[in-house]
Structures are given as C-alpha cells and as structure tokens.
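A.B. asks: Sharing final.cif below, mmCIF, C-alpha atoms:
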```cif
data_protein
loop_
_atom_site.group_PDB
_atom_site.id
_atom_site.type_symbol
_atom_site.label_atom_id
_atom_site.label_comp_id
_atom_site.auth_asym_id
_atom_site.auth_seq_id
_atom_site.Cartn_x
_atom_site.Cartn_y
_atom_site.Cartn_z
ATOM 1 C CA MET A 1 238.356 -80.943 484.302
ATOM 2 C CA PHE A 2 238.465 -77.507 482.793
ATOM 3 C CA ARG A 3 234.880 -76.247 482.506
ATOM 4 C CA LEU A 4 233.090 -74.556 479.599
ATOM 5 C CA SER A 5 232.266 -71.464 481.672
ATOM 6 C CA ASN A 6 235.980 -70.868 482.352
ATOM 7 C CA ASN A 7 236.746 -71.083 478.655
ATOM 8 C CA LEU A 8 233.927 -68.690 477.819
ATOM 9 C CA VAL A 9 234.949 -66.119 480.446
ATOM 10 C CA GLY A 10 238.541 -66.381 479.259
ATOM 11 C CA LEU A 11 237.547 -65.882 475.628
ATOM 12 C CA LEU A 12 235.297 -62.882 476.346
ATOM 13 C CA ASN A 13 237.958 -61.190 478.444
ATOM 14 C CA PHE A 14 240.622 -61.859 475.838
ATOM 15 C CA ILE A 15 238.447 -60.026 473.301
ATOM 16 C CA VAL A 16 237.952 -57.126 475.747
ATOM 17 C CA PHE A 17 241.708 -57.103 476.387
ATOM 18 C CA LEU A 18 242.382 -56.747 472.656
ATOM 19 C CA LEU A 19 239.812 -53.925 472.389
ATOM 20 C CA SER A 20 241.295 -52.056 475.355
ATOM 21 C CA ILE A 21 244.715 -51.717 473.705
ATOM 22 C CA PRO A 22 243.660 -49.400 470.821
ATOM 23 C CA ILE A 23 241.406 -47.418 473.217
ATOM 24 C CA LEU A 24 244.304 -46.860 475.630
ATOM 25 C CA ALA A 25 246.717 -46.143 472.779
ATOM 26 C CA GLY A 26 244.253 -43.661 471.267
ATOM 27 C CA GLY A 27 243.943 -41.815 474.575
ATOM 28 C CA ILE A 28 247.721 -41.613 474.996
ATOM 29 C CA TRP A 29 248.137 -40.442 471.398
ATOM 30 C CA LEU A 30 245.462 -37.790 471.938
ATOM 31 C CA SER A 31 247.209 -36.567 475.098
ATOM 32 C CA THR A 32 250.382 -35.911 473.100
ATOM 33 C CA ARG A 33 248.555 -34.179 470.257
ATOM 34 C CA ALA A 34 245.769 -32.304 472.070
ATOM 35 C CA SER A 35 245.822 -28.617 471.248
ATOM 36 C CA THR A 36 242.286 -27.510 472.194
ATOM 37 C CA ASP A 37 240.201 -27.678 475.379
ATOM 38 C CA CYS A 38 237.857 -30.093 473.637
ATOM 39 C CA GLU A 39 240.630 -32.575 472.844
ATOM 40 C CA LYS A 40 242.142 -32.204 476.323
ATOM 41 C CA PHE A 41 238.704 -32.817 477.816
ATOM 42 C CA LEU A 42 238.446 -36.141 475.983
ATOM 43 C CA GLU A 43 241.939 -37.537 476.590
ATOM 44 C CA LYS A 44 241.616 -38.394 480.307
ATOM 45 C CA PRO A 45 238.273 -40.273 480.060
ATOM 46 C CA ILE A 46 239.581 -42.290 477.087
ATOM 47 C CA ILE A 47 242.776 -43.249 478.937
ATOM 48 C CA ALA A 48 240.780 -44.123 482.068
ATOM 49 C CA ILE A 49 238.342 -46.336 480.117
ATOM 50 C CA GLY A 50 241.174 -48.077 478.273
ATOM 51 C CA ALA A 51 243.154 -48.727 481.473
ATOM 52 C CA PHE A 52 240.035 -49.938 483.314
ATOM 53 C CA LEU A 53 239.122 -52.402 480.551
ATOM 54 C CA LEU A 54 242.724 -53.607 480.349
ATOM 55 C CA ILE A 55 243.028 -54.319 484.085
ATOM 56 C CA VAL A 56 239.575 -55.885 484.485
ATOM 57 C CA SER A 57 239.949 -58.101 481.398
ATOM 58 C CA LEU A 58 243.356 -59.333 482.607
ATOM 59 C CA ALA A 59 241.873 -60.153 486.016
ATOM 60 C CA GLY A 60 239.039 -62.116 484.402
ATOM 61 C CA LEU A 61 241.354 -63.831 481.925
ATOM 62 C CA ILE A 62 243.920 -64.943 484.502
ATOM 63 C CA GLY A 63 241.298 -65.778 487.103
ATOM 64 C CA ALA A 64 239.301 -68.005 484.735
ATOM 65 C CA CYS A 65 242.093 -69.660 482.764
ATOM 66 C CA CYS A 66 244.629 -70.099 485.593
ATOM 67 C CA ARG A 67 241.986 -70.954 488.198
ATOM 68 C CA VAL A 68 243.016 -68.092 490.502
ATOM 69 C CA SER A 69 239.878 -67.862 492.613
ATOM 70 C CA TRP A 70 240.715 -64.663 494.532
ATOM 71 C CA LEU A 71 241.450 -62.812 491.303
ATOM 72 C CA LEU A 72 238.219 -64.056 489.750
ATOM 73 C CA TRP A 73 236.369 -62.972 492.921
ATOM 74 C CA ILE A 74 237.727 -59.418 492.508
ATOM 75 C CA TYR A 75 236.733 -59.513 488.828
ATOM 76 C CA LEU A 76 233.168 -60.521 489.717
ATOM 77 C CA LEU A 77 232.959 -57.821 492.388
ATOM 78 C CA VAL A 78 234.015 -55.165 489.883
ATOM 79 C CA MET A 79 231.540 -56.526 487.326
ATOM 80 C CA PHE A 80 228.716 -56.432 489.896
ATOM 81 C CA LEU A 81 229.502 -52.824 490.819
ATOM 82 C CA LEU A 82 229.699 -51.917 487.130
ATOM 83 C CA ILE A 83 226.266 -53.440 486.489
ATOM 84 C CA VAL A 84 224.749 -51.519 489.418
ATOM 85 C CA LEU A 85 226.388 -48.244 488.362
ATOM 86 C CA LEU A 86 225.351 -48.632 484.729
ATOM 87 C CA PHE A 87 221.774 -49.424 485.735
ATOM 88 C CA CYS A 88 221.623 -46.389 488.058
ATOM 89 C CA PHE A 89 223.221 -44.160 485.413
ATOM 90 C CA THR A 90 220.699 -45.289 482.786
ATOM 91 C CA ILE A 91 217.750 -44.497 485.068
ATOM 92 C CA PHE A 92 219.290 -41.172 486.135
ATOM 93 C CA ALA A 93 219.934 -40.115 482.536
ATOM 94 C CA PHE A 94 216.334 -40.864 481.575
ATOM 95 C CA VAL A 95 215.093 -38.721 484.472
ATOM 96 C CA VAL A 96 217.299 -35.669 483.822
ATOM 97 C CA THR A 97 216.754 -35.691 480.041
ATOM 98 C CA ASN A 98 213.003 -36.234 480.224
ATOM 99 C CA LYS A 99 212.153 -32.516 480.283
ATOM 100 C CA GLY A 100 212.707 -30.052 477.462
ATOM 101 C CA ALA A 101 211.716 -29.760 473.805
ATOM 102 C CA GLY A 102 212.182 -27.310 470.983
ATOM 103 C CA GLU A 103 209.584 -24.624 470.387
ATOM 104 C CA VAL A 104 208.054 -24.226 466.949
ATOM 105 C CA VAL A 105 208.606 -20.716 465.594
ATOM 106 C CA SER A 106 205.938 -19.177 463.355
ATOM 107 C CA GLN A 107 206.884 -19.230 459.663
ATOM 108 C CA ARG A 108 210.173 -20.957 460.386
ATOM 109 C CA GLY A 109 211.347 -24.422 459.379
ATOM 110 C CA TYR A 110 213.464 -24.800 462.507
ATOM 111 C CA LYS A 111 212.795 -24.859 466.225
ATOM 112 C CA GLU A 112 214.290 -22.668 468.933
ATOM 113 C CA TYR A 113 215.305 -23.777 472.404
ATOM 114 C CA ARG A 114 214.983 -22.293 475.905
ATOM 115 C CA LEU A 115 217.368 -23.286 478.688
ATOM 116 C CA GLY A 116 214.641 -23.010 481.318
ATOM 117 C CA ASP A 117 212.738 -25.902 479.724
ATOM 118 C CA TYR A 118 215.379 -28.424 480.807
ATOM 119 C CA SER A 119 216.046 -30.013 484.185
ATOM 120 C CA ASN A 120 217.754 -27.937 486.869
ATOM 121 C CA TRP A 121 220.589 -30.465 487.092
ATOM 122 C CA LEU A 122 221.443 -30.079 483.403
ATOM 123 C CA GLN A 123 221.108 -26.303 483.604
ATOM 124 C CA LYS A 124 223.657 -26.183 486.419
ATOM 125 C CA ARG A 125 226.096 -28.288 484.380
ATOM 126 C CA VAL A 126 226.060 -25.974 481.346
ATOM 127 C CA ASN A 127 225.942 -22.793 483.452
ATOM 128 C CA ASN A 128 229.180 -23.786 485.153
ATOM 129 C CA GLU A 129 231.891 -21.632 483.551
ATOM 130 C CA GLY A 130 234.503 -24.405 483.492
ATOM 131 C CA ASN A 131 232.147 -26.923 481.909
ATOM 132 C CA TRP A 132 230.843 -24.444 479.363
ATOM 133 C CA ALA A 133 234.351 -23.397 478.302
ATOM 134 C CA LYS A 134 235.082 -27.018 477.311
ATOM 135 C CA ILE A 135 231.704 -27.481 475.602
ATOM 136 C CA ARG A 136 232.091 -24.183 473.762
ATOM 137 C CA SER A 137 235.503 -25.275 472.530
ATOM 138 C CA CYS A 138 234.029 -28.537 471.217
ATOM 139 C CA ILE A 139 231.261 -26.678 469.375
ATOM 140 C CA GLN A 140 233.798 -24.390 467.724
ATOM 141 C CA ASP A 141 236.063 -27.317 466.830
ATOM 142 C CA SER A 142 233.137 -29.095 465.169
ATOM 143 C CA LYS A 143 232.752 -26.070 462.825
ATOM 144 C CA VAL A 144 228.975 -26.419 463.030
ATOM 145 C CA CYS A 145 228.472 -22.697 462.361
ATOM 146 C CA THR A 146 231.133 -22.580 459.643
ATOM 147 C CA SER A 147 229.361 -25.319 457.709
ATOM 148 C CA LEU A 148 226.077 -23.410 458.064
ATOM 149 C CA SER A 149 227.590 -20.171 456.762
ATOM 150 C CA GLU A 150 228.959 -21.965 453.697
ATOM 151 C CA LYS A 151 225.445 -22.696 452.435
ATOM 152 C CA ASN A 152 225.077 -19.100 451.167
ATOM 153 C CA GLN A 153 221.283 -19.182 451.438
ATOM 154 C CA THR A 154 218.821 -16.420 450.806
ATOM 155 C CA PHE A 155 216.653 -15.341 453.733
ATOM 156 C CA ASP A 156 213.660 -17.349 452.462
ATOM 157 C CA GLN A 157 215.818 -20.444 452.086
ATOM 158 C CA PHE A 158 217.288 -19.963 455.549
ATOM 159 C CA ILE A 159 214.009 -19.604 457.438
ATOM 160 C CA ASN A 160 212.709 -22.789 455.807
ATOM 161 C CA ASP A 161 215.869 -24.749 456.586
ATOM 162 C CA ASN A 162 215.665 -27.529 459.176
ATOM 163 C CA LEU A 163 218.468 -26.365 461.461
ATOM 164 C CA SER A 164 219.969 -28.640 464.080
ATOM 165 C CA PRO A 165 219.611 -27.603 467.751
ATOM 166 C CA LEU A 166 223.234 -26.414 467.791
ATOM 167 C CA GLN A 167 222.831 -24.403 464.592
ATOM 168 C CA SER A 168 219.595 -22.853 465.818
ATOM 169 C CA GLY A 169 220.905 -21.994 469.277
ATOM 170 C CA CYS A 170 224.565 -21.114 468.658
ATOM 171 C CA CYS A 171 224.892 -19.814 465.082
ATOM 172 C CA LYS A 172 222.115 -17.219 464.928
ATOM 173 C CA PRO A 173 220.317 -14.842 467.292
ATOM 174 C CA PRO A 174 216.824 -15.752 468.542
ATOM 175 C CA THR A 175 213.996 -14.766 466.167
ATOM 176 C CA ALA A 176 212.555 -12.506 468.883
ATOM 177 C CA CYS A 177 215.564 -10.182 468.532
ATOM 178 C CA ASN A 178 214.283 -9.057 465.098
ATOM 179 C CA PHE A 179 217.778 -8.585 463.700
ATOM 180 C CA THR A 180 218.271 -8.094 459.957
ATOM 181 C CA TYR A 181 219.481 -11.118 458.022
ATOM 182 C CA GLN A 182 222.648 -10.660 455.983
ATOM 183 C CA SER A 183 223.877 -14.250 455.907
ATOM 184 C CA GLU A 184 223.435 -17.403 457.978
ATOM 185 C CA THR A 185 225.835 -16.183 460.663
ATOM 186 C CA VAL A 186 225.713 -12.428 460.100
ATOM 187 C CA TRP A 187 222.729 -10.543 461.534
ATOM 188 C CA ASN A 188 222.686 -6.761 461.827
ATOM 189 C CA LYS A 189 221.235 -5.114 464.891
ATOM 190 C CA PRO A 190 218.859 -2.119 464.344
ATOM 191 C CA THR A 191 220.622 1.230 464.436
ATOM 192 C CA ASP A 192 218.583 2.265 467.468
ATOM 193 C CA PHE A 193 219.324 -0.968 469.344
ATOM 194 C CA THR A 194 220.753 -0.422 472.831
ATOM 195 C CA SER A 195 219.732 -3.392 474.935
ATOM 196 C CA SER A 196 216.999 -6.004 475.200
ATOM 197 C CA ASN A 197 215.185 -7.930 477.892
ATOM 198 C CA ASN A 198 216.369 -11.036 476.056
ATOM 199 C CA SER A 199 219.988 -11.466 477.165
ATOM 200 C CA ASP A 200 220.801 -13.465 474.024
ATOM 201 C CA CYS A 201 220.086 -10.409 471.864
ATOM 202 C CA ASN A 202 222.682 -8.480 473.843
ATOM 203 C CA THR A 203 225.182 -11.363 473.713
ATOM 204 C CA TRP A 204 225.007 -11.889 469.923
ATOM 205 C CA GLN A 205 227.953 -10.663 467.839
ATOM 206 C CA ASN A 206 228.806 -11.177 464.171
ATOM 207 C CA ASP A 207 232.366 -12.152 465.061
ATOM 208 C CA PRO A 208 232.716 -15.833 463.958
ATOM 209 C CA LYS A 209 234.581 -16.585 467.192
ATOM 210 C CA ILE A 210 231.717 -15.234 469.326
ATOM 211 C CA LEU A 211 228.333 -15.437 467.504
ATOM 212 C CA CYS A 212 225.862 -16.808 470.074
ATOM 213 C CA TYR A 213 228.242 -19.314 471.710
ATOM 214 C CA ASP A 214 227.622 -17.774 475.133
ATOM 215 C CA CYS A 215 223.853 -17.436 474.646
ATOM 216 C CA GLN A 216 221.312 -19.265 476.781
ATOM 217 C CA SER A 217 219.840 -20.573 473.507
ATOM 218 C CA CYS A 218 223.185 -22.193 472.648
ATOM 219 C CA LYS A 219 223.297 -23.976 475.999
ATOM 220 C CA ALA A 220 219.706 -25.097 475.410
ATOM 221 C CA GLY A 221 220.702 -26.340 471.946
ATOM 222 C CA VAL A 222 223.468 -28.425 473.509
ATOM 223 C CA LEU A 223 220.984 -29.987 475.933
ATOM 224 C CA ALA A 224 218.496 -30.634 473.110
ATOM 225 C CA ASN A 225 221.279 -32.340 471.177
ATOM 226 C CA LEU A 226 222.198 -34.330 474.286
ATOM 227 C CA LYS A 227 218.600 -35.452 474.756
ATOM 228 C CA HIS A 228 218.379 -36.560 471.116
ATOM 229 C CA ASP A 229 221.668 -38.480 471.296
ATOM 230 C CA TRP A 230 220.714 -40.065 474.591
ATOM 231 C CA LYS A 231 217.959 -42.056 472.901
ATOM 232 C CA LYS A 232 220.650 -43.772 470.838
ATOM 233 C CA VAL A 233 222.988 -44.171 473.794
ATOM 234 C CA ALA A 234 220.184 -45.661 475.892
ATOM 235 C CA ILE A 235 219.784 -48.540 473.434
ATOM 236 C CA VAL A 236 223.521 -49.225 473.544
ATOM 237 C CA ASN A 237 223.485 -49.020 477.358
ATOM 238 C CA ILE A 238 220.670 -51.548 477.658
ATOM 239 C CA ILE A 239 222.396 -53.979 475.273
ATOM 240 C CA PHE A 240 225.693 -53.536 477.153
ATOM 241 C CA LEU A 241 223.907 -54.052 480.477
ATOM 242 C CA ILE A 242 222.415 -57.350 479.257
ATOM 243 C CA PHE A 243 225.869 -58.401 478.005
ATOM 244 C CA LEU A 244 227.433 -57.595 481.401
ATOM 245 C CA ILE A 245 224.763 -59.600 483.240
ATOM 246 C CA ILE A 246 225.415 -62.610 480.992
ATOM 247 C CA VAL A 247 229.189 -62.345 481.473
ATOM 248 C CA TYR A 248 228.695 -61.927 485.230
ATOM 249 C CA SER A 249 226.493 -65.049 485.359
ATOM 250 C CA VAL A 250 229.034 -67.092 483.400
ATOM 251 C CA GLY A 251 231.781 -65.699 485.633
ATOM 252 C CA CYS A 252 229.911 -66.893 488.727
ATOM 253 C CA CYS A 253 229.831 -70.395 487.239
ATOM 254 C CA ALA A 254 233.569 -70.203 486.538
ATOM 255 C CA PHE A 255 234.216 -69.049 490.123
ATOM 256 C CA ARG A 256 232.203 -71.976 491.480
ATOM 257 C CA ASN A 257 234.146 -74.340 489.211
ATOM 258 C CA ASN A 258 237.446 -72.932 490.490
ATOM 259 C CA ARG A 259 236.436 -73.495 494.092
ATOM 260 C CA GLU A 260 235.278 -77.042 493.381
ATOM 261 C CA ASP A 261 238.447 -77.889 491.423
ATOM 262 C CA ASN A 262 240.670 -76.385 494.123
ATOM 263 C CA ALA A 263 238.792 -78.158 496.904
ATOM 264 C CA TYR A 264 238.735 -81.624 495.253
ATOM 265 C CA PRO A 265 242.431 -82.483 495.732
ATOM 266 C CA ARG A 266 242.257 -81.545 499.426
ATOM 267 C CA TRP A 267 239.159 -83.687 499.884
ATOM 268 C CA LYS A 268 240.819 -86.573 498.049
ATOM 269 C CA GLY A 269 243.931 -86.282 500.224
ATOM 270 C CA HIS A 270 241.922 -86.769 503.465
ATOM 271 C CA ALA A 271 240.098 -89.796 502.076
#
```
Step by step, read the file and then write its structure as structure tokens.

C.D. replies:
Amino acid sequence: MFRLSNNLVGLLNFIVFLLSIPILAGGIWLSTRASTDCEKFLEKPIIAIGAFLLIVSLAGLIGACCRVSWLLWIYLLVMFLLIVLLFCFTIFAFVVTNKGAGEVVSQRGYKEYRLGDYSNWLQKRVNNEGNWAKIRSCIQDSKVCTSLSEKNQTFDQFINDNLSPLQSGCCKPPTACNFTYQSETVWNKPTDFTSSNNSDCNTWQNDPKILCYDCQSCKAGVLANLKHDWKKVAIVNIIFLIFLIIVYSVGCCAFRNNREDNAYPRWKGHA
C-alpha cells in the first residue's frame, strides 16, 4: 500500500523541482548577460542553488514515488546535512553581526558608521580587495548615490535627512572632515587642506565614480546594511529550518515505508 508520507514527500519535492527550474534558468540567463562584477558575482551562486534544488528534489521525488530506498536514503542524508549547516550558519551569522551600530552625529538627522565597531571577521571580508571590488561594483550599480544627488537639497535639508547607511558612508565625506557642502555628493575641501588623520577625508573625491566608495565609512555602511537585512533573513532562515525539519521527518517515514514494502514480498516468499 502506498503510504501518505510517500505522497507528501513526492508532492513537496515536485513543488521544489518546479521552483528550481526558473532559478536555474535565471542564473544561466544572467551568465549570458552579465556585464558588471556585481552581476558576475551573482550568477554562479544562483546557478549552484538552482542545480542543487533540482538534483535534490529529483532524488526525493523518485525515491518516494518509485520506492527507491537507496535514492531516498541519499536524499535524507543531504537534507540532514543541510539542516545542520543552516542551523550553524544561523548561529554564526547572529554572532558576527551582533557588534556594531551607527553613531549619532550632533545636529544631524543621520548616523555615521565606523568600521572598527564591527566584528573582526566581517572587517576582514570587506578589507579583502577582491571582495570589496565586487561589493563596490554592486553599490555603484544600485545607483544609491545617484538617487541621493537627484534630491537637490539645501544644506539644512540634507543634514536633517535620514540617510541610509550606504548613503551616509559612501556618498558623502565624514562630518569630521569639515568639508564645504555644495550638493549631496559634492563637497569642497578647504583651500589649505593637505592631509588628515582621518583616512576617509583623504580618500574622498567629488568624481561620481569615486566619491567615498573606498572609504572605511563606506565599508562600515555596508556592514550596517548587512546587519539590518540580517534581521529579516534570520526570520526566513528559521521558518525554512522548521520546514526542512518537517520534510526530513516525513521523509524518514517514507524511507521506513519503502523498506517495509520492499521487505514484505521477501518475507511472504519464505512463508
């Protein structure tokens, strides 16, 4: 008799199989159209996720519906490892994003961010030249500073604006530099300015392609943005983890059913 758990595992994996197709297709399409480092950075993970979901869902689907016990055993092993990895990743992400917060600036509506406030592990990731080149490309592609410059605010309006961490860290120099405001992304250095103890003041340029993209404050803004987004991702991770545990439990029942159904004819034949 075909059991309910087999049907349920088959149905869930059929749904995952259908979802994996557009993910895989999207990754392949992106690989043929990618023109920036940001897009190229995304294509491989998307293809890998799509291919992984496709293979695992097929293993679960065939193993449950066709009663192929060894294939279902592999499926359950992969699911178990995925649950363990996701649980460890969730805990790890909470630990490394626990430190760091924006600093309130006097008479400003926005906060500013310091790279040293964040965990050493995250600092090493953004200080790596290869990693930062990709992140920098993504920031530029998002046109976060372009959208800020299009506001055409007066100085009083600007300092009372609630800037995002990326806008605060990447699109303007730190307040401590005391540069003269001309527009949201154009700040003039004093005529007698030579260098500063604050490296970000030296790094800042009015060129739209440079601005403060290589500033420590920009890297801190990225980490602040990451920390904020992680709170949302954490909820999704926990829900997904519960879903995986349920599917794994149902899969174990289906595997037991397969073994019982496969063993019954042999037992009957020796009777």

A.B. asks: For this file, the PyMOL selection byres ((chain A and resi 183) around 8) selects which residues, as an NGL selection string?

C.D. replies: :A and (149 or 152-155 or 181-182 or 184-187)

A.B. asks: I'd like to see the residues matched by the PyMOL selection byres ((chain A and resi 205) around 12) on this file, and ideally I'd get them as number ranges by chain.

C.D. replies: A: 170-173, 179, 185-189, 200-204, 206-215

A.B. asks: Decode the PyMOL selection byres ((chain A and resi 101-117) around 8) for the given file into explicit residues and return them as a PyMOL selection string.

C.D. replies: chain A and resi 99-100+118-119+123+159-165+168-169+174+216-217+219-221+224

A.B. asks: Give me a file of those residues, with C-alpha atoms, as a compact mmCIF listing (two decimals), in the coordinates of the input.

C.D. replies:
```txt
# COMPACT_ATOMS: atom_id res chain seq x y z
CA LYS A 99 212.15 -32.52 480.28
CA GLY A 100 212.71 -30.05 477.46
CA TYR A 118 215.38 -28.42 480.81
CA SER A 119 216.05 -30.01 484.18
CA GLN A 123 221.11 -26.30 483.60
CA ILE A 159 214.01 -19.60 457.44
CA ASN A 160 212.71 -22.79 455.81
CA ASP A 161 215.87 -24.75 456.59
CA ASN A 162 215.66 -27.53 459.18
CA LEU A 163 218.47 -26.36 461.46
CA SER A 164 219.97 -28.64 464.08
CA PRO A 165 219.61 -27.60 467.75
CA SER A 168 219.60 -22.85 465.82
CA GLY A 169 220.90 -21.99 469.28
CA PRO A 174 216.82 -15.75 468.54
CA GLN A 216 221.31 -19.26 476.78
CA SER A 217 219.84 -20.57 473.51
CA LYS A 219 223.30 -23.98 476.00
CA ALA A 220 219.71 -25.10 475.41
CA GLY A 221 220.70 -26.34 471.95
CA ALA A 224 218.50 -30.63 473.11
```

A.B. asks: Have a look at CA of Phe17 in chain A and CA of Lys44 in chain A and let me know their distance in Å, one decimal.

C.D. replies: 19.1 Å

A.B. asks: For range 48-60 of chain A, list every protein, DNA or RNA residue within 9 Å, evaluated using only C-alpha atoms, and leave out those in the same chain fewer than 4 positions away; present the list as a PyMOL selection string.

C.D. replies: chain A and resi 9-10+12-27+43-44+64-65+71-76+78-79+251

A.B. asks: What does the structure give for the distance between CA of Thr146 in chain A and CA of Gln167 in chain A, in Å to one decimal?

C.D. replies: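 Taking CA of Thr146 in chain A and CA of Gln167 in chain A, their separation equals 9.8 Å.
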
A.B. asks: What separation in Å, quoted to one decimal, exists between CA of Lys227 in chain A and CA of Thr97 in chain A?

C.D. replies: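 Going from CA of Lys227 in chain A over to CA of Thr97 in chain A, I get 5.6 Å.
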
A.B. asks: With distances taken over only C-alpha atoms, which of A:Phe94, A:Lys124, A:Leu77, A:Leu42 is nearest to Trp29 in chain A?

C.D. replies: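 Of A:Phe94, A:Lys124, A:Leu77, A:Leu42, the one nearest Trp29 in chain A, counting only C-alpha atoms, is A:Leu42.
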
A.B. asks: Using only C-alpha atoms, can you tell me which of A:Leu226, A:Cys252, A:Val247, A:Leu241 comes closest to Leu8 in chain A?

C.D. replies: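 Nearest candidate to Leu8 in chain A out of A:Leu226, A:Cys252, A:Val247, A:Leu241: A:Val247.
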
A.B. asks: Would you compute an axis-aligned box for range 186-194 of chain A, covering every atom listed for it in the file with 3 Å of margin on each side, and report centre and edge lengths in Å to one decimal as lines of an AutoDock Vina configuration file?

C.D. replies:
```
center_x = 222.1
center_y = -5.1
center_z = 466.5
size_x = 13.1
size_y = 20.7
size_z = 18.7
```

A.B. asks: Given only C-alpha atoms as the basis, pick out the residue of A:Cys218, A:Ile46, A:Leu244, A:Ile239 nearest to Trp132 in chain A.

C.D. replies: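 For Trp132 in chain A, the nearest of the candidates is A:Cys218.
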
A.B. asks: Using only C-alpha atoms, find the one residue out of A:Cys145, A:Leu82, A:Arg67, A:Arg33 that sits nearest to Tyr248 in chain A.

C.D. replies: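 Among A:Cys145, A:Leu82, A:Arg67, A:Arg33, it is A:Leu82 that comes nearest to Tyr248 in chain A.
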
A.B. asks: What's the 10 Å shell around Ala234 in chain A, counting only C-alpha atoms, without same-chain residues fewer than 5 positions away, as a PyMOL selection string?

C.D. replies: chain A and resi 90-91+93-94+229+239-240
